[in-house]
Amino acid sequence: MSEDTSIAFLAKEDDGGKAFALLSAVVIMGLAFHAYSFFIVKENDILNKYTAPVFSVSFEQSSLQGSDSMLIGDGETEVFQLSRDIIDADTSLMMAKISISISYEETSGLIADPCDDVHGQIAPNGMTADWGHPDNVLSDSNSDCSTMTLVVHVYPEYTGEMMEEEGLNAEHWERMWTNASHGSGVLEMEVSVDTNAAPGSALPGNDDDNEEINIQWTVELFEVNVQPVPV
Ligand SMILES: [Ca+2]
Ligand SMILES: [Ca+2]
């Protein structure tokens, strides 16, 4: 009976020894893996950091132009619209910037008829654009027949300058400059006319009751080109 117990005890003792050995092996392997992770994986991270791919990001620039004219009555406002569809821009081209010039002269043909008051204003909605850009010119007015130019920057942070980007992949940098939501929608510009009549215009047939407004627009476009830079 006591022998059985002692054998059982020994057996248990034996098992305990195996378990300890196994545990030790697991701990040592764990430490070894930790060391491997630290020295090999971290080293790879560090190496990757210094061998991250570099991409040159450049832009091929182009533009579309067009013109329109409208006869606007005294005290009236007309709306000029511009969109990707209206200008028929290729889907691969992104919109960088829109410039619209408003020009006019006195067309009544009446002697000594002064230039009319003309006001142009672009509503900061309708088209998705960089409405907060400091170089935008969203409204202007004059009464001396000089030309006004309104400007809207469309694609945020676009300057047209070539740049180098590091890390990730070419697709990532291409996606940054192919987001067609910039420039989507319809840009609307209101143009108003208040005529200034010639002296003696109260006479019948001697009135200035409208003006012909000429609009010339330029849309600057770009297409990105991403190339890996050899290390
Ligand atoms: Ca006039
Ligand atoms: Ca006029």
# chains A, B, ... in the order shown; residues from 1 in each chain; ligands from 1
>>> residues_near_ligand(ligand="ligand 1", cutoff="6 Å", atoms="only C-alpha atoms and all ligand atoms", output="ChimeraX atom specification")
/A:106,113-116,195-197,208
>>> select_by_dssp(residues="segment 26-222 of chain A", states="helix (DSSP H, G or I)", output="ChimeraX atom specification")
/A:26-50,84-87,170-176
>>> write_last_selection(atoms="N, CA and C atoms", output="compact mmCIF listing (two decimals), in the first residue's frame")
# COMPACT_ATOMS: atom_id res chain seq x y z
N VAL A 26 8.51 26.00 -23.57
CA VAL A 26 7.58 27.00 -24.12
C VAL A 26 8.10 28.41 -23.83
N VAL A 27 8.58 28.58 -22.56
CA VAL A 27 9.08 29.91 -22.18
C VAL A 27 10.29 30.28 -23.04
N ILE A 28 11.20 29.31 -23.21
CA ILE A 28 12.41 29.60 -24.00
C ILE A 28 12.04 29.91 -25.45
N MET A 29 11.09 29.12 -26.00
CA MET A 29 10.67 29.38 -27.38
C MET A 29 10.00 30.75 -27.50
N GLY A 30 9.22 31.04 -26.45
CA GLY A 30 8.56 32.35 -26.44
C GLY A 30 9.58 33.47 -26.44
N LEU A 31 10.58 33.34 -25.58
CA LEU A 31 11.64 34.35 -25.50
C LEU A 31 12.38 34.45 -26.84
N ALA A 32 12.63 33.25 -27.40
CA ALA A 32 13.35 33.22 -28.67
C ALA A 32 12.53 33.93 -29.74
N PHE A 33 11.20 33.69 -29.74
CA PHE A 33 10.34 34.32 -30.76
C PHE A 33 10.32 35.83 -30.56
N HIS A 34 10.29 36.20 -29.25
CA HIS A 34 10.30 37.62 -28.94
C HIS A 34 11.58 38.28 -29.48
N ALA A 35 12.67 37.57 -29.22
CA ALA A 35 13.96 38.09 -29.67
C ALA A 35 13.97 38.15 -31.20
N TYR A 36 13.43 37.10 -31.83
CA TYR A 36 13.37 37.08 -33.30
C TYR A 36 12.55 38.26 -33.81
N SER A 37 11.36 38.41 -33.14
CA SER A 37 10.49 39.51 -33.56
C SER A 37 11.23 40.82 -33.43
N PHE A 38 11.89 40.98 -32.29
CA PHE A 38 12.53 42.26 -32.03
C PHE A 38 13.65 42.54 -33.01
N PHE A 39 14.51 41.53 -33.18
CA PHE A 39 15.70 41.80 -34.00
C PHE A 39 15.45 41.68 -35.51
N ILE A 40 14.60 40.74 -35.89
CA ILE A 40 14.40 40.53 -37.33
C ILE A 40 13.26 41.40 -37.86
N VAL A 41 12.08 41.30 -37.20
CA VAL A 41 10.93 42.04 -37.72
C VAL A 41 11.17 43.54 -37.59
N LYS A 42 11.69 43.96 -36.42
CA LYS A 42 11.95 45.40 -36.23
C LYS A 42 13.01 45.88 -37.23
N GLU A 43 14.00 45.00 -37.45
CA GLU A 43 15.05 45.39 -38.38
C GLU A 43 14.47 45.59 -39.78
N ASN A 44 13.51 44.68 -40.13
CA ASN A 44 12.85 44.83 -41.43
C ASN A 44 12.09 46.15 -41.50
N ASP A 45 11.40 46.48 -40.38
CA ASP A 45 10.66 47.74 -40.35
C ASP A 45 11.60 48.90 -40.60
N ILE A 46 12.73 48.84 -39.90
CA ILE A 46 13.70 49.94 -40.00
C ILE A 46 14.25 50.01 -41.43
N LEU A 47 14.56 48.83 -41.99
CA LEU A 47 15.06 48.80 -43.37
C LEU A 47 14.02 49.36 -44.33
N ASN A 48 12.71 48.92 -44.11
CA ASN A 48 11.64 49.40 -45.00
C ASN A 48 11.52 50.90 -44.94
N LYS A 49 11.75 51.43 -43.74
CA LYS A 49 11.61 52.87 -43.59
C LYS A 49 12.61 53.60 -44.48
N TYR A 50 13.77 53.01 -44.62
CA TYR A 50 14.78 53.68 -45.44
C TYR A 50 14.74 53.26 -46.90
N ARG A 84 -19.26 70.25 -65.96
CA ARG A 84 -18.45 69.30 -66.75
C ARG A 84 -19.21 68.90 -68.02
N ASP A 85 -20.51 68.64 -67.87
CA ASP A 85 -21.31 68.22 -69.02
C ASP A 85 -21.40 69.34 -70.05
N ILE A 86 -21.63 70.57 -69.56
CA ILE A 86 -21.82 71.70 -70.48
C ILE A 86 -20.55 71.95 -71.30
N ILE A 87 -19.39 71.83 -70.66
CA ILE A 87 -18.14 72.09 -71.40
C ILE A 87 -17.60 70.83 -72.06
N ALA A 170 1.60 53.47 -56.01
CA ALA A 170 1.24 54.44 -57.06
C ALA A 170 -0.27 54.70 -57.09
N GLU A 171 -1.06 53.63 -56.87
CA GLU A 171 -2.52 53.77 -56.93
C GLU A 171 -3.01 54.78 -55.89
N HIS A 172 -2.39 54.72 -54.71
CA HIS A 172 -2.79 55.63 -53.64
C HIS A 172 -2.62 57.08 -54.09
N TRP A 173 -1.45 57.40 -54.68
CA TRP A 173 -1.17 58.79 -55.07
C TRP A 173 -2.00 59.19 -56.27
N GLU A 174 -2.33 58.23 -57.15
CA GLU A 174 -3.22 58.54 -58.28
C GLU A 174 -4.62 58.88 -57.78
N ARG A 175 -5.08 58.09 -56.80
CA ARG A 175 -6.44 58.33 -56.27
C ARG A 175 -6.56 59.74 -55.69
N MET A 176 -5.47 60.24 -55.10
CA MET A 176 -5.52 61.59 -54.50
C MET A 176 -5.86 62.67 -55.52
>>> residues_near_ligand(ligand="ligand 2", cutoff="12 Å", atoms="only C-alpha atoms and all ligand atoms", output="PyMOL selection string")
chain A and resi 71-75+104-118+143-145+193-198+201+206-213
>>> write_last_selection(atoms="N, CA and C atoms", output="JSON list (two decimals), in the first residue's frame")
[["chain", "number", "residue", "atom", "x", "y", "z"],
["A", 71, "LEU", "N", -28.40, 89.23, -73.67],
["A", 71, "LEU", "CA", -28.95, 90.58, -73.61],
["A", 71, "LEU", "C", -29.76, 90.67, -72.32],
["A", 72, "ILE", "N", -29.33, 91.55, -71.42],
["A", 72, "ILE", "CA", -29.98, 91.64, -70.12],
["A", 72, "ILE", "C", -30.68, 92.98, -69.99],
["A", 73, "GLY", "N", -31.95, 92.93, -69.63],
["A", 73, "GLY", "CA", -32.75, 94.16, -69.54],
["A", 73, "GLY", "C", -32.40, 94.98, -68.30],
["A", 74, "ASP", "N", -32.80, 96.23, -68.32],
["A", 74, "ASP", "CA", -32.57, 97.14, -67.19],
["A", 74, "ASP", "C", -33.22, 96.57, -65.93],
["A", 75, "GLY", "N", -32.41, 96.43, -64.88],
["A", 75, "GLY", "CA", -32.94, 95.94, -63.60],
["A", 75, "GLY", "C", -33.11, 94.43, -63.55],
["A", 104, "TYR", "N", -18.37, 94.11, -71.60],
["A", 104, "TYR", "CA", -19.50, 94.78, -72.26],
["A", 104, "TYR", "C", -19.07, 96.18, -72.67],
["A", 105, "GLU", "N", -19.86, 96.78, -73.55],
["A", 105, "GLU", "CA", -19.69, 98.20, -73.85],
["A", 105, "GLU", "C", -21.10, 98.77, -73.99],
["A", 106, "GLU", "N", -21.19, 100.02, -74.30],
["A", 106, "GLU", "CA", -22.55, 100.57, -74.47],
["A", 106, "GLU", "C", -23.00, 100.30, -75.90],
["A", 107, "THR", "N", -24.06, 99.55, -76.03],
["A", 107, "THR", "CA", -24.50, 99.13, -77.37],
["A", 107, "THR", "C", -25.78, 99.83, -77.84],
["A", 108, "SER", "N", -26.22, 100.82, -77.10],
["A", 108, "SER", "CA", -27.50, 101.45, -77.48],
["A", 108, "SER", "C", -27.38, 102.24, -78.78],
["A", 109, "GLY", "N", -26.18, 102.70, -79.06],
["A", 109, "GLY", "CA", -25.99, 103.50, -80.27],
["A", 109, "GLY", "C", -26.41, 104.95, -80.07],
["A", 110, "LEU", "N", -26.85, 105.27, -78.86],
["A", 110, "LEU", "CA", -27.29, 106.65, -78.59],
["A", 110, "LEU", "C", -26.08, 107.51, -78.27],
["A", 111, "ILE", "N", -26.16, 108.74, -78.70],
["A", 111, "ILE", "CA", -25.04, 109.67, -78.45],
["A", 111, "ILE", "C", -24.93, 109.97, -76.97],
["A", 112, "ALA", "N", -23.68, 109.91, -76.46],
["A", 112, "ALA", "CA", -23.38, 110.25, -75.07],
["A", 112, "ALA", "C", -24.06, 109.34, -74.04],
["A", 113, "ASP", "N", -24.40, 108.14, -74.48],
["A", 113, "ASP", "CA", -25.01, 107.18, -73.54],
["A", 113, "ASP", "C", -23.90, 106.56, -72.69],
["A", 114, "PRO", "N", -23.91, 106.77, -71.38],
["A", 114, "PRO", "CA", -22.83, 106.24, -70.54],
["A", 114, "PRO", "C", -22.94, 104.72, -70.35],
["A", 115, "CYS", "N", -21.82, 104.14, -69.93],
["A", 115, "CYS", "CA", -21.80, 102.69, -69.64],
["A", 115, "CYS", "C", -22.81, 102.36, -68.55],
["A", 116, "ASP", "N", -23.30, 101.12, -68.61],
["A", 116, "ASP", "CA", -24.29, 100.69, -67.61],
["A", 116, "ASP", "C", -23.61, 100.06, -66.40],
["A", 117, "ASP", "N", -24.37, 99.92, -65.33],
["A", 117, "ASP", "CA", -23.87, 99.21, -64.14],
["A", 117, "ASP", "C", -24.04, 97.70, -64.38],
["A", 118, "VAL", "N", -22.95, 96.97, -64.24],
["A", 118, "VAL", "CA", -23.04, 95.52, -64.41],
["A", 118, "VAL", "C", -22.42, 94.84, -63.20],
["A", 143, "SER", "N", -19.04, 100.13, -63.67],
["A", 143, "SER", "CA", -19.95, 100.93, -64.50],
["A", 143, "SER", "C", -19.17, 101.72, -65.53],
["A", 144, "ASP", "N", -17.95, 101.21, -65.85],
["A", 144, "ASP", "CA", -17.13, 101.94, -66.82],
["A", 144, "ASP", "C", -16.76, 101.09, -68.03],
["A", 145, "CYS", "N", -17.52, 100.02, -68.27],
["A", 145, "CYS", "CA", -17.31, 99.15, -69.43],
["A", 145, "CYS", "C", -15.98, 98.40, -69.40],
["A", 193, "VAL", "N", -27.89, 93.86, -64.67],
["A", 193, "VAL", "CA", -27.65, 95.11, -65.39],
["A", 193, "VAL", "C", -28.59, 96.19, -64.85],
["A", 194, "ASP", "N", -27.99, 97.35, -64.58],
["A", 194, "ASP", "CA", -28.79, 98.55, -64.32],
["A", 194, "ASP", "C", -28.31, 99.60, -65.32],
["A", 195, "THR", "N", -29.17, 99.96, -66.22],
["A", 195, "THR", "CA", -28.71, 100.87, -67.28],
["A", 195, "THR", "C", -28.53, 102.29, -66.76],
["A", 196, "ASN", "N", -27.59, 102.97, -67.37],
["A", 196, "ASN", "CA", -27.41, 104.40, -67.14],
["A", 196, "ASN", "C", -27.76, 105.07, -68.46],
["A", 197, "ALA", "N", -28.77, 105.87, -68.44],
["A", 197, "ALA", "CA", -29.30, 106.45, -69.68],
["A", 197, "ALA", "C", -28.57, 107.72, -70.08],
["A", 198, "ALA", "N", -28.66, 108.01, -71.38],
["A", 198, "ALA", "CA", -28.05, 109.23, -71.91],
["A", 198, "ALA", "C", -28.87, 110.43, -71.45],
["A", 201, "SER", "N", -32.74, 111.23, -72.31],
["A", 201, "SER", "CA", -33.29, 109.93, -72.71],
["A", 201, "SER", "C", -34.78, 109.85, -72.48],
["A", 206, "ASN", "N", -35.27, 107.23, -77.33],
["A", 206, "ASN", "CA", -33.94, 107.68, -76.94],
["A", 206, "ASN", "C", -33.56, 107.07, -75.58],
["A", 207, "ASP", "N", -34.06, 105.84, -75.35],
["A", 207, "ASP", "CA", -33.89, 105.22, -74.04],
["A", 207, "ASP", "C", -32.85, 104.10, -74.10],
["A", 208, "ASP", "N", -32.18, 103.84, -72.97],
["A", 208, "ASP", "CA", -31.25, 102.69, -72.87],
["A", 208, "ASP", "C", -31.89, 101.69, -71.91],
["A", 209, "ASP", "N", -32.40, 100.62, -72.45],
["A", 209, "ASP", "CA", -33.13, 99.71, -71.56],
["A", 209, "ASP", "C", -32.53, 98.30, -71.47],
["A", 210, "ASN", "N", -31.29, 98.13, -71.95],
["A", 210, "ASN", "CA", -30.65, 96.81, -71.79],
["A", 210, "ASN", "C", -29.16, 96.91, -72.07],
["A", 211, "GLU", "N", -28.48, 95.78, -71.92],
["A", 211, "GLU", "CA", -27.08, 95.71, -72.34],
["A", 211, "GLU", "C", -26.73, 94.29, -72.75],
["A", 212, "GLU", "N", -25.85, 94.22, -73.73],
["A", 212, "GLU", "CA", -25.37, 92.91, -74.18],
["A", 212, "GLU", "C", -24.10, 92.57, -73.40],
["A", 213, "ILE", "N", -24.15, 91.44, -72.68],
["A", 213, "ILE", "CA", -23.05, 91.02, -71.83],
["A", 213, "ILE", "C", -22.33, 89.85, -72.48]]
>>> residues_around(residues="segment 214-226 of chain A", least_positions_apart="4", cutoff="9 Å", atoms="only C-alpha atoms", output="ChimeraX atom specification")
/A:55-71,80,82,87,89,92-104,160,170-171,173-174,177-178
>>> closest_residue(among="A:Pro199, A:Ser83, A:Glu76, A:Gln227", to="Glu165 of chain A", atoms="only C-alpha atoms")
A:Gln227
>>> atom_distance(atom1="atom CA of Val79 of chain A", atom2="atom CA of Val137 of chain A")
17.2 Å
>>> select_by_dssp(residues="segment 47-208 of chain A", states="strand (DSSP E or B)", output="mmCIF file with N, CA and C atoms, in the first residue's frame")
data_model
loop_
_atom_site.group_PDB
_atom_site.id
_atom_site.type_symbol
_atom_site.label_atom_id
_atom_site.label_comp_id
_atom_site.auth_asym_id
_atom_site.auth_seq_id
_atom_site.Cartn_x
_atom_site.Cartn_y
_atom_site.Cartn_z
ATOM 1 N N VAL A 54 9.445 55.698 -53.542
ATOM 2 C CA VAL A 54 9.233 57.132 -53.778
ATOM 3 C C VAL A 54 8.589 57.289 -55.153
ATOM 4 N N PHE A 55 7.602 58.166 -55.224
ATOM 5 C CA PHE A 55 6.888 58.371 -56.485
ATOM 6 C C PHE A 55 6.951 59.842 -56.895
ATOM 7 N N SER A 56 7.158 60.059 -58.175
ATOM 8 C CA SER A 56 7.048 61.435 -58.667
ATOM 9 C C SER A 56 5.609 61.624 -59.148
ATOM 10 N N VAL A 57 5.009 62.711 -58.710
ATOM 11 C CA VAL A 57 3.623 63.029 -59.061
ATOM 12 C C VAL A 57 3.650 64.305 -59.895
ATOM 13 N N SER A 58 3.319 64.165 -61.178
ATOM 14 C CA SER A 58 3.329 65.348 -62.047
ATOM 15 C C SER A 58 1.972 65.470 -62.739
ATOM 16 N N PHE A 59 1.758 66.621 -63.349
ATOM 17 C CA PHE A 59 0.443 66.903 -63.910
ATOM 18 C C PHE A 59 0.551 67.376 -65.359
ATOM 19 N N GLU A 60 -0.284 66.796 -66.202
ATOM 20 C CA GLU A 60 -0.378 67.278 -67.582
ATOM 21 C C GLU A 60 -1.559 68.236 -67.624
ATOM 22 N N GLN A 61 -1.272 69.488 -67.970
ATOM 23 C CA GLN A 61 -2.312 70.510 -67.887
ATOM 24 C C GLN A 61 -2.880 70.846 -69.253
ATOM 25 N N SER A 62 -4.166 71.132 -69.249
ATOM 26 C CA SER A 62 -4.830 71.538 -70.489
ATOM 27 C C SER A 62 -5.958 72.489 -70.099
ATOM 28 N N SER A 63 -6.639 73.018 -71.089
ATOM 29 C CA SER A 63 -7.759 73.903 -70.752
ATOM 30 C C SER A 63 -8.822 73.876 -71.843
ATOM 31 N N LEU A 64 -10.023 74.259 -71.466
ATOM 32 C CA LEU A 64 -11.133 74.399 -72.414
ATOM 33 C C LEU A 64 -11.641 75.833 -72.300
ATOM 34 N N GLN A 65 -11.982 76.415 -73.460
ATOM 35 C CA GLN A 65 -12.496 77.783 -73.460
ATOM 36 C C GLN A 65 -13.816 77.853 -74.216
ATOM 37 N N GLY A 66 -14.572 78.858 -73.897
ATOM 38 C CA GLY A 66 -15.804 79.078 -74.640
ATOM 39 C C GLY A 66 -16.338 80.463 -74.357
ATOM 40 N N SER A 67 -17.348 80.849 -75.098
ATOM 41 C CA SER A 67 -17.927 82.173 -74.872
ATOM 42 C C SER A 67 -19.431 82.135 -75.070
ATOM 43 N N ASP A 68 -20.057 83.138 -74.560
ATOM 44 C CA ASP A 68 -21.510 83.223 -74.603
ATOM 45 C C ASP A 68 -21.863 84.705 -74.527
ATOM 46 N N SER A 69 -23.044 85.057 -74.958
ATOM 47 C CA SER A 69 -23.464 86.441 -74.739
ATOM 48 C C SER A 69 -24.948 86.452 -74.435
ATOM 49 N N MET A 70 -25.360 87.424 -73.654
ATOM 50 C CA MET A 70 -26.767 87.517 -73.293
ATOM 51 C C MET A 70 -27.187 88.983 -73.213
ATOM 52 N N LEU A 71 -28.396 89.232 -73.673
ATOM 53 C CA LEU A 71 -28.951 90.579 -73.609
ATOM 54 C C LEU A 71 -29.758 90.666 -72.316
ATOM 55 N N ILE A 72 -29.335 91.552 -71.422
ATOM 56 C CA ILE A 72 -29.984 91.636 -70.115
ATOM 57 C C ILE A 72 -30.682 92.981 -69.989
ATOM 58 N N GLY A 73 -31.947 92.934 -69.633
ATOM 59 C CA GLY A 73 -32.751 94.162 -69.536
ATOM 60 C C GLY A 73 -32.399 94.980 -68.302
ATOM 61 N N GLU A 76 -32.606 93.743 -64.578
ATOM 62 C CA GLU A 76 -32.811 92.292 -64.616
ATOM 63 C C GLU A 76 -31.526 91.509 -64.357
ATOM 64 N N THR A 77 -31.715 90.220 -64.007
ATOM 65 C CA THR A 77 -30.603 89.329 -63.702
ATOM 66 C C THR A 77 -30.746 88.065 -64.530
ATOM 67 N N GLU A 78 -29.647 87.665 -65.154
ATOM 68 C CA GLU A 78 -29.639 86.404 -65.897
ATOM 69 C C GLU A 78 -28.615 85.471 -65.254
ATOM 70 N N VAL A 79 -28.819 84.178 -65.460
ATOM 71 C CA VAL A 79 -27.916 83.193 -64.858
ATOM 72 C C VAL A 79 -27.121 82.482 -65.953
ATOM 73 N N PHE A 80 -25.811 82.470 -65.774
ATOM 74 C CA PHE A 80 -24.924 81.717 -66.666
ATOM 75 C C PHE A 80 -24.508 80.455 -65.932
ATOM 76 N N GLN A 81 -24.591 79.313 -66.620
ATOM 77 C CA GLN A 81 -24.247 78.036 -65.977
ATOM 78 C C GLN A 81 -23.040 77.383 -66.635
ATOM 79 N N LEU A 82 -22.273 76.658 -65.815
ATOM 80 C CA LEU A 82 -21.110 75.936 -66.333
ATOM 81 C C LEU A 82 -20.962 74.631 -65.537
ATOM 82 N N SER A 83 -20.736 73.545 -66.268
ATOM 83 C CA SER A 83 -20.538 72.249 -65.602
ATOM 84 C C SER A 83 -19.669 71.362 -66.498
ATOM 85 N N MET A 94 -9.365 66.257 -64.593
ATOM 86 C CA MET A 94 -9.887 66.879 -63.381
ATOM 87 C C MET A 94 -9.940 68.392 -63.575
ATOM 88 N N MET A 95 -10.865 69.046 -62.894
ATOM 89 C CA MET A 95 -11.002 70.503 -62.988
ATOM 90 C C MET A 95 -10.116 71.167 -61.944
ATOM 91 N N ALA A 96 -9.232 72.040 -62.396
ATOM 92 C CA ALA A 96 -8.350 72.749 -61.469
ATOM 93 C C ALA A 96 -8.947 74.090 -61.061
ATOM 94 N N LYS A 97 -9.384 74.853 -62.064
ATOM 95 C CA LYS A 97 -9.757 76.245 -61.812
ATOM 96 C C LYS A 97 -10.653 76.752 -62.927
ATOM 97 N N ILE A 98 -11.580 77.620 -62.579
ATOM 98 C CA ILE A 98 -12.488 78.213 -63.575
ATOM 99 C C ILE A 98 -12.332 79.733 -63.528
ATOM 100 N N SER A 99 -12.117 80.339 -64.688
ATOM 101 C CA SER A 99 -12.077 81.799 -64.779
ATOM 102 C C SER A 99 -13.176 82.237 -65.743
ATOM 103 N N ILE A 100 -13.943 83.235 -65.344
ATOM 104 C CA ILE A 100 -15.011 83.744 -66.213
ATOM 105 C C ILE A 100 -14.872 85.254 -66.316
ATOM 106 N N SER A 101 -14.690 85.733 -67.552
ATOM 107 C CA SER A 101 -14.613 87.186 -67.712
ATOM 108 C C SER A 101 -15.942 87.706 -68.249
ATOM 109 N N ILE A 102 -16.298 88.879 -67.749
ATOM 110 C CA ILE A 102 -17.552 89.542 -68.125
ATOM 111 C C ILE A 102 -17.164 90.858 -68.784
ATOM 112 N N SER A 103 -17.499 91.003 -70.064
ATOM 113 C CA SER A 103 -17.147 92.255 -70.733
ATOM 114 C C SER A 103 -18.378 92.823 -71.431
ATOM 115 N N ASP A 117 -24.370 99.916 -65.329
ATOM 116 C CA ASP A 117 -23.870 99.207 -64.140
ATOM 117 C C ASP A 117 -24.042 97.704 -64.380
ATOM 118 N N VAL A 118 -22.950 96.973 -64.238
ATOM 119 C CA VAL A 118 -23.036 95.517 -64.411
ATOM 120 C C VAL A 118 -22.420 94.837 -63.200
ATOM 121 N N HIS A 119 -23.122 93.832 -62.697
ATOM 122 C CA HIS A 119 -22.670 93.117 -61.506
ATOM 123 C C HIS A 119 -22.655 91.617 -61.807
ATOM 124 N N GLY A 120 -21.542 90.958 -61.470
ATOM 125 C CA GLY A 120 -21.440 89.503 -61.642
ATOM 126 C C GLY A 120 -21.189 88.848 -60.301
ATOM 127 N N GLN A 121 -21.839 87.710 -60.072
ATOM 128 C CA GLN A 121 -21.704 87.047 -58.769
ATOM 129 C C GLN A 121 -21.859 85.536 -58.922
ATOM 130 N N ILE A 122 -20.872 84.809 -58.392
ATOM 131 C CA ILE A 122 -20.937 83.340 -58.425
ATOM 132 C C ILE A 122 -21.408 82.860 -57.063
ATOM 133 N N MET A 127 -21.730 73.802 -57.495
ATOM 134 C CA MET A 127 -20.604 72.952 -57.886
ATOM 135 C C MET A 127 -19.765 72.653 -56.651
ATOM 136 N N VAL A 137 -12.287 84.859 -56.748
ATOM 137 C CA VAL A 137 -12.965 86.159 -56.908
ATOM 138 C C VAL A 137 -14.405 85.809 -57.269
ATOM 139 N N SER A 139 -17.248 87.774 -56.824
ATOM 140 C CA SER A 139 -18.157 88.812 -57.313
ATOM 141 C C SER A 139 -17.373 90.072 -57.666
ATOM 142 N N ASP A 140 -17.980 90.847 -58.572
ATOM 143 C CA ASP A 140 -17.362 92.112 -58.972
ATOM 144 C C ASP A 140 -18.443 92.939 -59.669
ATOM 145 N N SER A 141 -18.233 94.237 -59.682
ATOM 146 C CA SER A 141 -19.161 95.077 -60.432
ATOM 147 C C SER A 141 -18.433 96.322 -60.903
ATOM 148 N N ASN A 142 -18.937 96.908 -61.998
ATOM 149 C CA ASN A 142 -18.383 98.188 -62.444
ATOM 150 C C ASN A 142 -19.380 98.901 -63.336
ATOM 151 N N MET A 148 -14.411 92.425 -66.181
ATOM 152 C CA MET A 148 -14.262 91.833 -64.842
ATOM 153 C C MET A 148 -13.938 90.351 -65.011
ATOM 154 N N THR A 149 -13.146 89.822 -64.109
ATOM 155 C CA THR A 149 -12.847 88.383 -64.168
ATOM 156 C C THR A 149 -13.119 87.739 -62.812
ATOM 157 N N LEU A 150 -14.003 86.767 -62.820
ATOM 158 C CA LEU A 150 -14.303 86.006 -61.606
ATOM 159 C C LEU A 150 -13.548 84.679 -61.672
ATOM 160 N N VAL A 151 -13.099 84.205 -60.504
ATOM 161 C CA VAL A 151 -12.245 83.010 -60.454
ATOM 162 C C VAL A 151 -12.719 82.065 -59.352
ATOM 163 N N VAL A 152 -12.790 80.789 -59.683
ATOM 164 C CA VAL A 152 -13.094 79.762 -58.677
ATOM 165 C C VAL A 152 -12.052 78.652 -58.772
ATOM 166 N N HIS A 153 -11.345 78.402 -57.692
ATOM 167 C CA HIS A 153 -10.438 77.254 -57.629
ATOM 168 C C HIS A 153 -11.278 76.025 -57.291
ATOM 169 N N MET A 163 5.616 67.030 -57.644
ATOM 170 C CA MET A 163 6.048 66.751 -56.268
ATOM 171 C C MET A 163 6.495 65.298 -56.141
ATOM 172 N N GLU A 164 7.209 65.018 -55.048
ATOM 173 C CA GLU A 164 7.603 63.638 -54.757
ATOM 174 C C GLU A 164 6.895 63.193 -53.502
ATOM 175 N N GLU A 165 6.355 61.965 -53.555
ATOM 176 C CA GLU A 165 5.659 61.405 -52.401
ATOM 177 C C GLU A 165 6.348 60.108 -52.036
ATOM 178 N N GLU A 166 6.336 59.793 -50.724
ATOM 179 C CA GLU A 166 7.049 58.611 -50.244
ATOM 180 C C GLU A 166 6.074 57.642 -49.596
ATOM 181 N N GLY A 185 -21.407 68.856 -60.227
ATOM 182 C CA GLY A 185 -22.467 69.841 -59.997
ATOM 183 C C GLY A 185 -22.416 70.960 -61.028
ATOM 184 N N VAL A 186 -23.224 71.985 -60.806
ATOM 185 C CA VAL A 186 -23.342 73.079 -61.784
ATOM 186 C C VAL A 186 -22.980 74.410 -61.115
ATOM 187 N N LEU A 187 -22.012 75.101 -61.722
ATOM 188 C CA LEU A 187 -21.635 76.427 -61.243
ATOM 189 C C LEU A 187 -22.596 77.454 -61.843
ATOM 190 N N GLU A 188 -23.098 78.339 -61.005
ATOM 191 C CA GLU A 188 -24.024 79.361 -61.489
ATOM 192 C C GLU A 188 -23.492 80.751 -61.194
ATOM 193 N N MET A 189 -23.493 81.581 -62.236
ATOM 194 C CA MET A 189 -23.077 82.975 -62.076
ATOM 195 C C MET A 189 -24.250 83.877 -62.480
ATOM 196 N N GLU A 190 -24.626 84.761 -61.574
ATOM 197 C CA GLU A 190 -25.691 85.720 -61.873
ATOM 198 C C GLU A 190 -25.063 86.997 -62.413
ATOM 199 N N VAL A 191 -25.675 87.534 -63.477
ATOM 200 C CA VAL A 191 -25.215 88.815 -64.022
ATOM 201 C C VAL A 191 -26.416 89.769 -64.046
ATOM 202 N N SER A 192 -26.211 90.931 -63.432
ATOM 203 C CA SER A 192 -27.292 91.918 -63.358
ATOM 204 C C SER A 192 -26.896 93.191 -64.092
ATOM 205 N N VAL A 193 -27.887 93.857 -64.671
ATOM 206 C CA VAL A 193 -27.648 95.113 -65.391
ATOM 207 C C VAL A 193 -28.588 96.193 -64.854
ATOM 208 N N ASP A 194 -27.992 97.348 -64.579
ATOM 209 C CA ASP A 194 -28.792 98.553 -64.323
ATOM 210 C C ASP A 194 -28.309 99.597 -65.321
#
>>> atom_distance(atom1="atom CA of Asn169 of chain A", atom2="atom CA of Pro228 of chain A")
8.8 Å
